[in-house]
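Novice: My structure is stored as entry.pdb, with PDB, C-alpha atoms, pLDDT in the B column.
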MODEL        1
ATOM      1  CA  MET A   1     115.612 125.326  99.331  1.00 83.00           C
ATOM      2  CA  CYS A   2     118.272 126.107  96.744  1.00 92.00           C
ATOM      3  CA  GLY A   3     120.919 123.629  95.648  1.00 94.00           C
ATOM      4  CA  HIS A   4     123.598 126.040  94.507  1.00 94.00           C
ATOM      5  CA  GLY A   5     122.678 128.189  97.518  1.00 96.00           C
ATOM      6  CA  VAL A   6     123.565 125.258  99.790  1.00 97.00           C
ATOM      7  CA  ILE A   7     126.900 124.855  98.002  1.00 98.00           C
ATOM      8  CA  ALA A   8     127.620 128.580  98.394  1.00 97.00           C
ATOM      9  CA  LEU A   9     126.475 128.713 102.030  1.00 97.00           C
ATOM     10  CA  VAL A  10     128.715 125.845 103.093  1.00 97.00           C
ATOM     11  CA  THR A  11     131.668 127.339 101.194  1.00 96.00           C
ATOM     12  CA  VAL A  12     131.227 130.737 102.863  1.00 96.00           C
ATOM     13  CA  ALA A  13     130.682 129.287 106.347  1.00 96.00           C
ATOM     14  CA  LEU A  14     133.912 127.293 106.202  1.00 95.00           C
ATOM     15  CA  GLU A  15     136.202 129.604 104.244  1.00 94.00           C
ATOM     16  CA  THR A  16     135.361 132.636 106.426  1.00 93.00           C
ATOM     17  CA  GLY A  17     135.689 130.665 109.669  1.00 92.00           C
ATOM     18  CA  MET A  18     132.028 131.077 110.647  1.00 93.00           C
ATOM     19  CA  LEU A  19     132.145 127.326 111.266  1.00 94.00           C
ATOM     20  CA  PRO A  20     135.222 125.289 112.239  1.00 92.00           C
ATOM     21  CA  LYS A  21     136.494 122.789 109.706  1.00 90.00           C
ATOM     22  CA  ARG A  22     134.184 119.782 109.552  1.00 92.00           C
ATOM     23  CA  ASN A  23     133.160 117.067 107.136  1.00 94.00           C
ATOM     24  CA  ILE A  24     129.372 117.223 107.570  1.00 97.00           C
ATOM     25  CA  ILE A  25     127.064 120.224 107.809  1.00 98.00           C
ATOM     26  CA  ARG A  26     123.321 119.793 108.308  1.00 97.00           C
ATOM     27  CA  ILE A  27     121.000 122.526 107.063  1.00 97.00           C
ATOM     28  CA  ASP A  28     117.302 123.074 107.684  1.00 96.00           C
ATOM     29  CA  SER A  29     115.441 124.081 104.535  1.00 94.00           C
ATOM     30  CA  PRO A  30     111.763 124.603 103.641  1.00 92.00           C
ATOM     31  CA  ALA A  31     111.876 121.258 101.829  1.00 93.00           C
ATOM     32  CA  GLY A  32     113.462 119.348 104.709  1.00 94.00           C
ATOM     33  CA  LEU A  33     116.848 118.444 106.174  1.00 96.00           C
ATOM     34  CA  ILE A  34     119.837 118.785 103.840  1.00 97.00           C
ATOM     35  CA  THR A  35     123.139 117.076 104.666  1.00 98.00           C
ATOM     36  CA  ALA A  36     126.181 118.678 103.039  1.00 98.00           C
ATOM     37  CA  TYR A  37     129.640 117.144 102.639  1.00 98.00           C
ATOM     38  CA  PRO A  38     132.369 119.728 101.920  1.00 97.00           C
ATOM     39  CA  ARG A  39     135.570 118.620 100.189  1.00 95.00           C
ATOM     40  CA  GLN A  40     138.342 120.681 101.774  1.00 92.00           C
ATOM     41  CA  THR A  41     142.071 121.103 101.363  1.00 84.00           C
ATOM     42  CA  ASP A  42     144.113 119.027 103.808  1.00 68.00           C
ATOM     43  CA  SER A  43     146.522 121.645 105.108  1.00 64.00           C
ATOM     44  CA  ASN A  44     147.030 123.901 108.082  1.00 63.00           C
ATOM     45  CA  GLU A  45     146.479 126.966 105.927  1.00 65.00           C
ATOM     46  CA  LYS A  46     143.202 128.830 105.649  1.00 77.00           C
ATOM     47  CA  CYS A  47     140.397 126.465 104.726  1.00 82.00           C
ATOM     48  CA  ARG A  48     139.647 126.148 101.029  1.00 91.00           C
ATOM     49  CA  VAL A  49     136.533 124.314  99.890  1.00 95.00           C
ATOM     50  CA  GLN A  50     137.123 122.455  96.645  1.00 95.00           C
ATOM     51  CA  SER A  51     133.505 121.362  96.239  1.00 97.00           C
ATOM     52  CA  VAL A  52     130.357 120.628  98.219  1.00 98.00           C
ATOM     53  CA  ALA A  53     128.126 117.592  97.820  1.00 98.00           C
ATOM     54  CA  PHE A  54     124.712 117.632  99.416  1.00 98.00           C
ATOM     55  CA  GLU A  55     122.236 114.854 100.111  1.00 98.00           C
ATOM     56  CA  ASN A  56     118.824 116.166  99.174  1.00 98.00           C
ATOM     57  CA  VAL A  57     115.289 115.375 100.273  1.00 97.00           C
ATOM     58  CA  PRO A  58     113.354 112.527  98.594  1.00 98.00           C
ATOM     59  CA  SER A  59     112.863 113.390  94.928  1.00 98.00           C
ATOM     60  CA  PHE A  60     110.248 111.876  92.663  1.00 98.00           C
ATOM     61  CA  VAL A  61     108.386 112.051  89.360  1.00 98.00           C
ATOM     62  CA  TYR A  62     104.990 113.633  89.927  1.00 98.00           C
ATOM     63  CA  LYS A  63     103.502 113.409  86.412  1.00 97.00           C
ATOM     64  CA  SER A  64     104.982 111.958  83.240  1.00 97.00           C
ATOM     65  CA  ASP A  65     104.208 112.209  79.529  1.00 97.00           C
ATOM     66  CA  GLN A  66     101.761 115.087  79.907  1.00 98.00           C
ATOM     67  CA  VAL A  67     100.687 117.198  76.933  1.00 98.00           C
ATOM     68  CA  ILE A  68      99.392 120.743  77.088  1.00 98.00           C
ATOM     69  CA  GLN A  69      98.291 123.354  74.582  1.00 97.00           C
ATOM     70  CA  VAL A  70     100.481 126.434  75.001  1.00 98.00           C
ATOM     71  CA  PRO A  71      99.534 129.730  73.286  1.00 95.00           C
ATOM     72  CA  GLY A  72     102.050 130.470  70.549  1.00 94.00           C
ATOM     73  CA  LEU A  73     103.786 127.109  70.894  1.00 97.00           C
ATOM     74  CA  GLY A  74     101.068 124.548  70.222  1.00 97.00           C
ATOM     75  CA  GLN A  75     101.119 121.190  71.976  1.00 98.00           C
ATOM     76  CA  VAL A  76     104.017 120.708  74.371  1.00 98.00           C
ATOM     77  CA  ARG A  77     104.960 117.446  76.075  1.00 98.00           C
ATOM     78  CA  TYR A  78     106.293 117.680  79.627  1.00 98.00           C
ATOM     79  CA  ASP A  79     107.064 115.781  82.815  1.00 98.00           C
ATOM     80  CA  ILE A  80     106.775 117.172  86.344  1.00 98.00           C
ATOM     81  CA  ALA A  81     109.320 116.104  88.954  1.00 98.00           C
ATOM     82  CA  PHE A  82     110.175 117.226  92.479  1.00 98.00           C
ATOM     83  CA  GLY A  83     113.675 117.719  93.888  1.00 98.00           C
ATOM     84  CA  GLY A  84     113.037 120.237  96.651  1.00 97.00           C
ATOM     85  CA  ALA A  85     110.688 122.146  94.335  1.00 97.00           C
ATOM     86  CA  PHE A  86     108.464 121.116  91.432  1.00 98.00           C
ATOM     87  CA  TYR A  87     109.687 121.602  87.852  1.00 98.00           C
ATOM     88  CA  ALA A  88     108.155 120.951  84.449  1.00 98.00           C
ATOM     89  CA  PHE A  89     110.742 119.262  82.219  1.00 98.00           C
ATOM     90  CA  VAL A  90     110.520 120.017  78.500  1.00 98.00           C
ATOM     91  CA  GLU A  91     112.796 118.896  75.667  1.00 98.00           C
ATOM     92  CA  ALA A  92     114.264 122.105  74.235  1.00 98.00           C
ATOM     93  CA  ALA A  93     114.214 120.670  70.717  1.00 98.00           C
ATOM     94  CA  ASP A  94     110.444 120.142  70.936  1.00 98.00           C
ATOM     95  CA  VAL A  95     109.868 123.901  71.100  1.00 98.00           C
ATOM     96  CA  GLY A  96     112.796 124.917  68.891  1.00 97.00           C
ATOM     97  CA  VAL A  97     114.913 126.712  71.474  1.00 98.00           C
ATOM     98  CA  ALA A  98     118.675 126.474  72.056  1.00 98.00           C
ATOM     99  CA  LEU A  99     120.184 125.961  75.510  1.00 98.00           C
ATOM    100  CA  GLU A 100     122.715 128.740  74.988  1.00 97.00           C
ATOM    101  CA  PRO A 101     123.095 132.363  76.148  1.00 97.00           C
ATOM    102  CA  ARG A 102     122.156 133.683  72.706  1.00 97.00           C
ATOM    103  CA  ASP A 103     118.653 132.247  73.160  1.00 97.00           C
ATOM    104  CA  PHE A 104     118.032 133.385  76.737  1.00 96.00           C
ATOM    105  CA  ARG A 105     115.147 135.718  75.852  1.00 97.00           C
ATOM    106  CA  ARG A 106     113.241 132.961  74.063  1.00 98.00           C
ATOM    107  CA  LEU A 107     113.991 130.597  76.938  1.00 98.00           C
ATOM    108  CA  ILE A 108     112.379 133.079  79.321  1.00 98.00           C
ATOM    109  CA  GLU A 109     109.405 133.673  77.015  1.00 98.00           C
ATOM    110  CA  TYR A 110     108.734 129.997  76.310  1.00 98.00           C
ATOM    111  CA  GLY A 111     109.424 128.914  79.882  1.00 98.00           C
ATOM    112  CA  THR A 112     106.979 131.471  81.239  1.00 98.00           C
ATOM    113  CA  LEU A 113     104.285 130.526  78.708  1.00 98.00           C
ATOM    114  CA  ILE A 114     104.620 126.837  79.528  1.00 98.00           C
ATOM    115  CA  LYS A 115     104.595 127.412  83.275  1.00 98.00           C
ATOM    116  CA  ARG A 116     101.475 129.596  83.087  1.00 97.00           C
ATOM    117  CA  ALA A 117      99.650 127.053  80.924  1.00 98.00           C
ATOM    118  CA  ILE A 118     100.449 124.225  83.335  1.00 98.00           C
ATOM    119  CA  VAL A 119      99.540 126.250  86.432  1.00 97.00           C
ATOM    120  CA  ASP A 120      96.193 127.139  84.845  1.00 97.00           C
ATOM    121  CA  THR A 121      95.305 123.517  84.140  1.00 95.00           C
ATOM    122  CA  GLN A 122      97.319 121.262  86.482  1.00 93.00           C
ATOM    123  CA  LYS A 123      97.011 121.087  90.254  1.00 94.00           C
ATOM    124  CA  ILE A 124     100.337 120.534  92.012  1.00 97.00           C
ATOM    125  CA  GLN A 125     100.064 118.768  95.371  1.00 97.00           C
ATOM    126  CA  HIS A 126     103.034 117.826  97.524  1.00 97.00           C
ATOM    127  CA  PRO A 127     102.193 114.656  99.495  1.00 96.00           C
ATOM    128  CA  PHE A 128     103.084 116.150 102.899  1.00 96.00           C
ATOM    129  CA  ASP A 129     103.658 119.910 102.727  1.00 96.00           C
ATOM    130  CA  ALA A 130     101.072 122.311 101.314  1.00 96.00           C
ATOM    131  CA  ASP A 131     103.665 125.121 101.209  1.00 96.00           C
ATOM    132  CA  LEU A 132     105.595 123.186  98.554  1.00 96.00           C
ATOM    133  CA  SER A 133     102.528 122.580  96.394  1.00 97.00           C
ATOM    134  CA  PHE A 134     103.331 124.836  93.453  1.00 97.00           C
ATOM    135  CA  LEU A 135     105.221 124.712  90.163  1.00 98.00           C
ATOM    136  CA  TYR A 136     108.459 126.640  90.613  1.00 97.00           C
ATOM    137  CA  GLY A 137     109.827 126.610  87.085  1.00 97.00           C
ATOM    138  CA  THR A 138     110.218 125.199  83.601  1.00 98.00           C
ATOM    139  CA  MET A 139     113.325 123.114  82.955  1.00 98.00           C
ATOM    140  CA  PHE A 140     114.471 122.894  79.341  1.00 98.00           C
ATOM    141  CA  ILE A 141     116.678 119.877  78.718  1.00 98.00           C
ATOM    142  CA  GLY A 142     118.808 118.649  75.862  1.00 98.00           C
ATOM    143  CA  PRO A 143     122.150 117.070  74.872  1.00 98.00           C
ATOM    144  CA  SER A 144     125.345 118.342  76.456  1.00 97.00           C
ATOM    145  CA  LEU A 145     127.485 120.759  74.471  1.00 96.00           C
ATOM    146  CA  LEU A 146     130.736 120.076  76.332  1.00 94.00           C
ATOM    147  CA  ALA A 147     132.797 116.971  76.875  1.00 93.00           C
ATOM    148  CA  GLY A 148     132.261 115.044  80.088  1.00 92.00           C
ATOM    149  CA  ALA A 149     128.597 115.908  80.669  1.00 97.00           C
ATOM    150  CA  ASN A 150     125.486 113.802  80.166  1.00 98.00           C
ATOM    151  CA  SER A 151     123.049 116.623  79.462  1.00 98.00           C
ATOM    152  CA  ARG A 152     122.449 120.375  79.506  1.00 98.00           C
ATOM    153  CA  GLN A 153     119.484 121.993  81.217  1.00 98.00           C
ATOM    154  CA  VAL A 154     118.274 125.553  81.702  1.00 98.00           C
ATOM    155  CA  CYS A 155     115.804 126.486  84.424  1.00 98.00           C
ATOM    156  CA  ILE A 156     113.367 129.383  84.013  1.00 98.00           C
ATOM    157  CA  PHE A 157     112.090 129.934  87.531  1.00 96.00           C
ATOM    158  CA  ALA A 158     110.009 132.257  89.721  1.00 90.00           C
ATOM    159  CA  ASP A 159     108.955 135.289  87.657  1.00 89.00           C
ATOM    160  CA  GLY A 160     111.021 134.564  84.564  1.00 92.00           C
ATOM    161  CA  GLN A 161     114.575 134.412  85.924  1.00 95.00           C
ATOM    162  CA  VAL A 162     117.244 132.285  84.252  1.00 97.00           C
ATOM    163  CA  ASP A 163     119.280 130.056  86.543  1.00 96.00           C
ATOM    164  CA  ARG A 164     122.918 130.445  85.561  1.00 95.00           C
ATOM    165  CA  SER A 165     123.726 127.144  87.324  1.00 97.00           C
ATOM    166  CA  PRO A 166     122.429 123.677  86.367  1.00 97.00           C
ATOM    167  CA  CYS A 167     120.028 124.116  89.361  1.00 97.00           C
ATOM    168  CA  GLY A 168     120.637 121.845  92.345  1.00 97.00           C
ATOM    169  CA  THR A 169     117.005 121.036  93.076  1.00 97.00           C
ATOM    170  CA  GLY A 170     116.449 120.716  89.329  1.00 98.00           C
ATOM    171  CA  VAL A 171     119.292 118.221  89.014  1.00 98.00           C
ATOM    172  CA  SER A 172     117.798 116.276  91.935  1.00 98.00           C
ATOM    173  CA  ALA A 173     114.441 116.150  90.158  1.00 98.00           C
ATOM    174  CA  ARG A 174     116.224 115.224  86.928  1.00 98.00           C
ATOM    175  CA  LEU A 175     117.922 112.275  88.622  1.00 98.00           C
ATOM    176  CA  ALA A 176     114.512 111.007  89.740  1.00 98.00           C
ATOM    177  CA  LEU A 177     113.253 111.392  86.184  1.00 98.00           C
ATOM    178  CA  GLU A 178     116.240 109.570  84.657  1.00 98.00           C
ATOM    179  CA  ILE A 179     115.858 106.694  87.141  1.00 98.00           C
ATOM    180  CA  ALA A 180     112.142 106.434  86.336  1.00 98.00           C
ATOM    181  CA  ARG A 181     112.907 106.354  82.597  1.00 97.00           C
ATOM    182  CA  GLY A 182     115.443 103.562  83.087  1.00 97.00           C
ATOM    183  CA  ARG A 183     118.265 105.709  81.729  1.00 97.00           C
ATOM    184  CA  LEU A 184     120.161 105.878  85.036  1.00 98.00           C
ATOM    185  CA  LYS A 185     121.091 103.324  87.684  1.00 97.00           C
ATOM    186  CA  LEU A 186     121.689 103.575  91.416  1.00 97.00           C
ATOM    187  CA  ASN A 187     125.088 105.187  92.217  1.00 97.00           C
ATOM    188  CA  GLU A 188     125.735 105.925  88.541  1.00 98.00           C
ATOM    189  CA  THR A 189     127.247 109.389  87.944  1.00 98.00           C
ATOM    190  CA  TYR A 190     125.184 111.894  85.989  1.00 98.00           C
ATOM    191  CA  THR A 191     126.682 115.285  85.067  1.00 98.00           C
ATOM    192  CA  VAL A 192     124.509 118.216  84.004  1.00 98.00           C
ATOM    193  CA  GLU A 193     125.823 121.460  82.528  1.00 98.00           C
ATOM    194  CA  SER A 194     124.220 124.898  82.719  1.00 98.00           C
ATOM    195  CA  ILE A 195     123.541 127.584  80.120  1.00 98.00           C
ATOM    196  CA  LEU A 196     127.089 128.837  80.867  1.00 97.00           C
ATOM    197  CA  GLY A 197     128.664 125.392  80.736  1.00 97.00           C
ATOM    198  CA  THR A 198     129.248 125.075  84.493  1.00 97.00           C
ATOM    199  CA  GLN A 199     128.519 121.618  85.844  1.00 97.00           C
ATOM    200  CA  PHE A 200     126.887 119.800  88.736  1.00 98.00           C
ATOM    201  CA  THR A 201     127.500 116.089  89.180  1.00 98.00           C
ATOM    202  CA  GLY A 202     124.878 113.913  90.797  1.00 98.00           C
ATOM    203  CA  HIS A 203     123.996 110.363  91.582  1.00 98.00           C
ATOM    204  CA  VAL A 204     121.211 108.489  93.355  1.00 98.00           C
ATOM    205  CA  ILE A 205     122.362 106.969  96.628  1.00 98.00           C
ATOM    206  CA  ALA A 206     119.116 105.179  97.581  1.00 98.00           C
ATOM    207  CA  ASP A 207     115.528 104.631  96.573  1.00 96.00           C
ATOM    208  CA  ARG A 208     112.616 105.143  98.905  1.00 95.00           C
ATOM    209  CA  LYS A 209     108.837 104.999  99.049  1.00 96.00           C
ATOM    210  CA  TYR A 210     107.529 108.516  99.618  1.00 97.00           C
ATOM    211  CA  SER A 211     103.791 108.484 100.176  1.00 96.00           C
ATOM    212  CA  ASP A 212     102.438 106.981  96.932  1.00 96.00           C
ATOM    213  CA  TYR A 213     105.564 107.849  94.940  1.00 97.00           C
ATOM    214  CA  ALA A 214     108.671 105.852  94.074  1.00 97.00           C
ATOM    215  CA  ALA A 215     111.290 108.362  95.201  1.00 98.00           C
ATOM    216  CA  VAL A 216     115.078 108.542  95.242  1.00 98.00           C
ATOM    217  CA  ILE A 217     117.632 110.155  97.542  1.00 98.00           C
ATOM    218  CA  PRO A 218     119.903 112.234  95.292  1.00 98.00           C
ATOM    219  CA  GLN A 219     123.324 113.636  96.035  1.00 98.00           C
ATOM    220  CA  VAL A 220     124.501 116.620  93.998  1.00 98.00           C
ATOM    221  CA  GLU A 221     127.974 118.148  93.938  1.00 98.00           C
ATOM    222  CA  GLY A 222     129.289 121.490  92.713  1.00 98.00           C
ATOM    223  CA  ARG A 223     131.621 124.347  93.572  1.00 97.00           C
ATOM    224  CA  ALA A 224     131.258 127.975  94.677  1.00 96.00           C
ATOM    225  CA  TRP A 225     133.616 130.933  95.076  1.00 96.00           C
ATOM    226  CA  ILE A 226     133.402 133.931  97.391  1.00 96.00           C
ATOM    227  CA  THR A 227     133.237 137.068  95.242  1.00 95.00           C
ATOM    228  CA  GLY A 228     132.605 139.868  97.717  1.00 94.00           C
ATOM    229  CA  ARG A 229     131.874 141.010 101.240  1.00 92.00           C
ATOM    230  CA  SER A 230     129.415 143.617 102.542  1.00 92.00           C
ATOM    231  CA  GLU A 231     129.636 145.609 105.757  1.00 92.00           C
ATOM    232  CA  PHE A 232     126.818 147.575 107.400  1.00 90.00           C
ATOM    233  CA  LEU A 233     127.506 150.425 109.819  1.00 93.00           C
ATOM    234  CA  VAL A 234     125.071 151.816 112.405  1.00 95.00           C
ATOM    235  CA  ALA A 235     125.649 155.268 113.887  1.00 96.00           C
ATOM    236  CA  PRO A 236     124.319 155.554 117.455  1.00 95.00           C
ATOM    237  CA  ASN A 237     122.461 158.792 116.666  1.00 97.00           C
ATOM    238  CA  ASP A 238     121.014 157.644 113.318  1.00 97.00           C
ATOM    239  CA  PRO A 239     117.211 158.148 113.604  1.00 96.00           C
ATOM    240  CA  LEU A 240     116.641 155.349 111.078  1.00 94.00           C
ATOM    241  CA  LYS A 241     119.204 152.898 112.467  1.00 93.00           C
ATOM    242  CA  THR A 242     116.536 150.257 113.095  1.00 92.00           C
ATOM    243  CA  GLY A 243     115.312 150.508 109.502  1.00 92.00           C
ATOM    244  CA  PHE A 244     111.913 151.325 108.031  1.00 93.00           C
ATOM    245  CA  LEU A 245     109.265 149.751 105.851  1.00 92.00           C
ATOM    246  CA  LEU A 246     106.973 151.378 103.302  1.00 94.00           C
ATOM    247  CA  ARG A 247     104.080 149.392 101.879  1.00 88.00           C
TER     248      ARG A 247
ENDMDL
END
Here is the file; what I need is its structure written in the form of structure tokens.
Specialist:
Amino acid sequence: MCGHGVIALVTVALETGMLPKRNIIRIDSPAGLITAYPRQTDSNEKCRVQSVAFENVPSFVYKSDQVIQVPGLGQVRYDIAFGGAFYAFVEAADVGVALEPRDFRRLIEYGTLIKRAIVDTQKIQHPFDADLSFLYGTMFIGPSLLAGANSRQVCIFADGQVDRSPCGTGVSARLALEIARGRLKLNETYTVESILGTQFTGHVIADRKYSDYAAVIPQVEGRAWITGRSEFLVAPNDPLKTGFLLR
């Protein structure tokens, strides 16, 4: 499950004609069913997707106001929330890091240290799916730097990669966190900017009980552009045309 991946997938499928023009596209993901709503140009010309909004799986706060001792950083306060994957949310100011490209190496270092410390001491358990029971990344949050946004966040995920987008599943988890904190209301718009200043806009369309958790149904919207196309050729007499695998 990847939020900006969903936005890109829907854009590619419609703009290349893989799918005929339509207003709803449903996508199976490891986290569950995703319903996407493309905003398209109303003309007879080639389809252009202006943006894609997607309704995500139930998102919820898993742990709040946790404190952990992190080597080199001291005590760090964090919340864990789920939006298709689990993220640890940390105020960037608490660890003295900026949410800007100039600080990306420290973001990776601190994000990895925090994630490792949490994984070593905190068990993550999804209420229904064991395959989702792991901490995917550290989400540093702070004030927005551009007009029109509510906040900025930078996700350090997987093995220390920096998400250049605001992170669709991360924004979904963030919406659950903001609702739980009483800082956001149902159907109220919440815009999050990335380390590059690009933005996703989200809102909560419903609340729901999800096992023992008070969950929300988030909808997140963003835009993608096609930047390239690859073509693979197979020669009939190529001895390796079916591929190979070395382990």
Novice: Please determine, counting only C-alpha atoms, which residue among A:Thr227, A:Pro101, A:Pro30, A:Leu240 has the shortest atom-to-atom distance to Asp131 (chain A).
Specialist: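 With only C-alpha atoms as the atom set, the closest residue is A:Pro30.
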Novice: Could you check the closest approach to Val12 (chain A) for each of A:Ala224, A:Val61, A:Thr191, A:Gly202 and tell me which residue wins, using all atoms listed in the file?
Specialist: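 Residue with the minimum atom-to-atom distance to Val12 (chain A): A:Ala224.
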Novice: Dig up all the protein and nucleic acid residues within 6 Å of (122.8, 112.8, 93.8) in the file frame, using only C-alpha atoms, and format them as a PyMOL selection string.
Specialist: chain A and resi 202-204+218-220
Novice: Store the residues of this selection in a file with C-alpha atoms, as a PDB file, keeping the file's coordinate frame.
Specialist:
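This is the output file out.pdb:
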ATOM      1  CA  GLY A 202     124.878 113.913  90.797  1.00 98.00           C
ATOM      2  CA  HIS A 203     123.996 110.363  91.582  1.00 98.00           C
ATOM      3  CA  VAL A 204     121.211 108.489  93.355  1.00 98.00           C
ATOM      4  CA  PRO A 218     119.903 112.234  95.292  1.00 98.00           C
ATOM      5  CA  GLN A 219     123.324 113.636  96.035  1.00 98.00           C
ATOM      6  CA  VAL A 220     124.501 116.620  93.998  1.00 98.00           C
TER       7      VAL A 220
END
Novice: Starting from 3 Å padding per side, set up an axis-aligned box that covers all listed atoms of region 206-221 of chain A and hand over centre and edge lengths in Å, one decimal, as JSON.
Specialist:
{"center_x": 115.2, "center_y": 111.4, "center_z": 97.1, "size_x": 31.5, "size_y": 19.5, "size_z": 12.2}
Novice: List the residues matched by the PyMOL selection byres ((chain A and resi 75-88) around 9) in the displayed structure as a ChimeraX atom specification, ordered by chain and then by residue number.
Specialist: /A:1-3,30-32,56-71,73-74,89-91,94-95,114-115,118,124,126,132-140,155,157,168-177,218
Novice: Please list, as a ChimeraX atom specification, the residues that have an atom at most 12 Å away from (125.2, 115.5, 75.6) in the coordinates of this file, counting only C-alpha atoms.
Specialist: /A:99,141-153,190-194,197
Novice: Using all atoms listed in the file, find the one residue out of A:Arg223, A:Lys21, A:Arg116, A:Lys46 that sits nearest to Leu9 (chain A).
Specialist: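 Answer, going by the shortest atom-to-atom distance: A:Arg223.
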Novice: So, counting all atoms listed in the file, which residue among A:Glu221, A:Asp159, A:Asp129, A:Glu100 is closest to Thr35 (chain A)?
Specialist: A:Glu221
Novice: Kindly indicate which residue among A:Glu188, A:Asp120, A:Glu231, A:Glu178 lies nearest to Ile205 (chain A), using only C-alpha atoms for the distances.
Specialist: A:Glu188
Novice: Mind pulling up the distance from CA of Val234 (chain A) to CA of Met18 (chain A)?
Specialist: 21.9 Å
Novice: Just give me the gap between CA of Ile24 (chain A) and CA of Asn187 (chain A) in Å, one decimal is fine.
Specialist: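 Pair CA of Ile24 (chain A) / CA of Asn187 (chain A) returns 20.0 Å.
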Novice: Do you have the CA of Ile27 (chain A)-CA of Val10 (chain A) distance handy?
Specialist: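 Interatomic distance, CA of Ile27 (chain A) to CA of Val10 (chain A): 9.3 Å.
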Novice: Write out as an MDAnalysis selection string which residues come within 9 Å of Arg22 (chain A) when counting only C-alpha atoms, dropping same-chain ones fewer than 3 positions away.
Specialist: chainID A and resid 14 19 25 37:38 40
Novice: Just checking: using only C-alpha atoms, which residue out of A:Ala98, A:Ile108, A:Ala36, A:Ile7 ends up closest to Ala158 (chain A)?
Specialist: A:Ile108
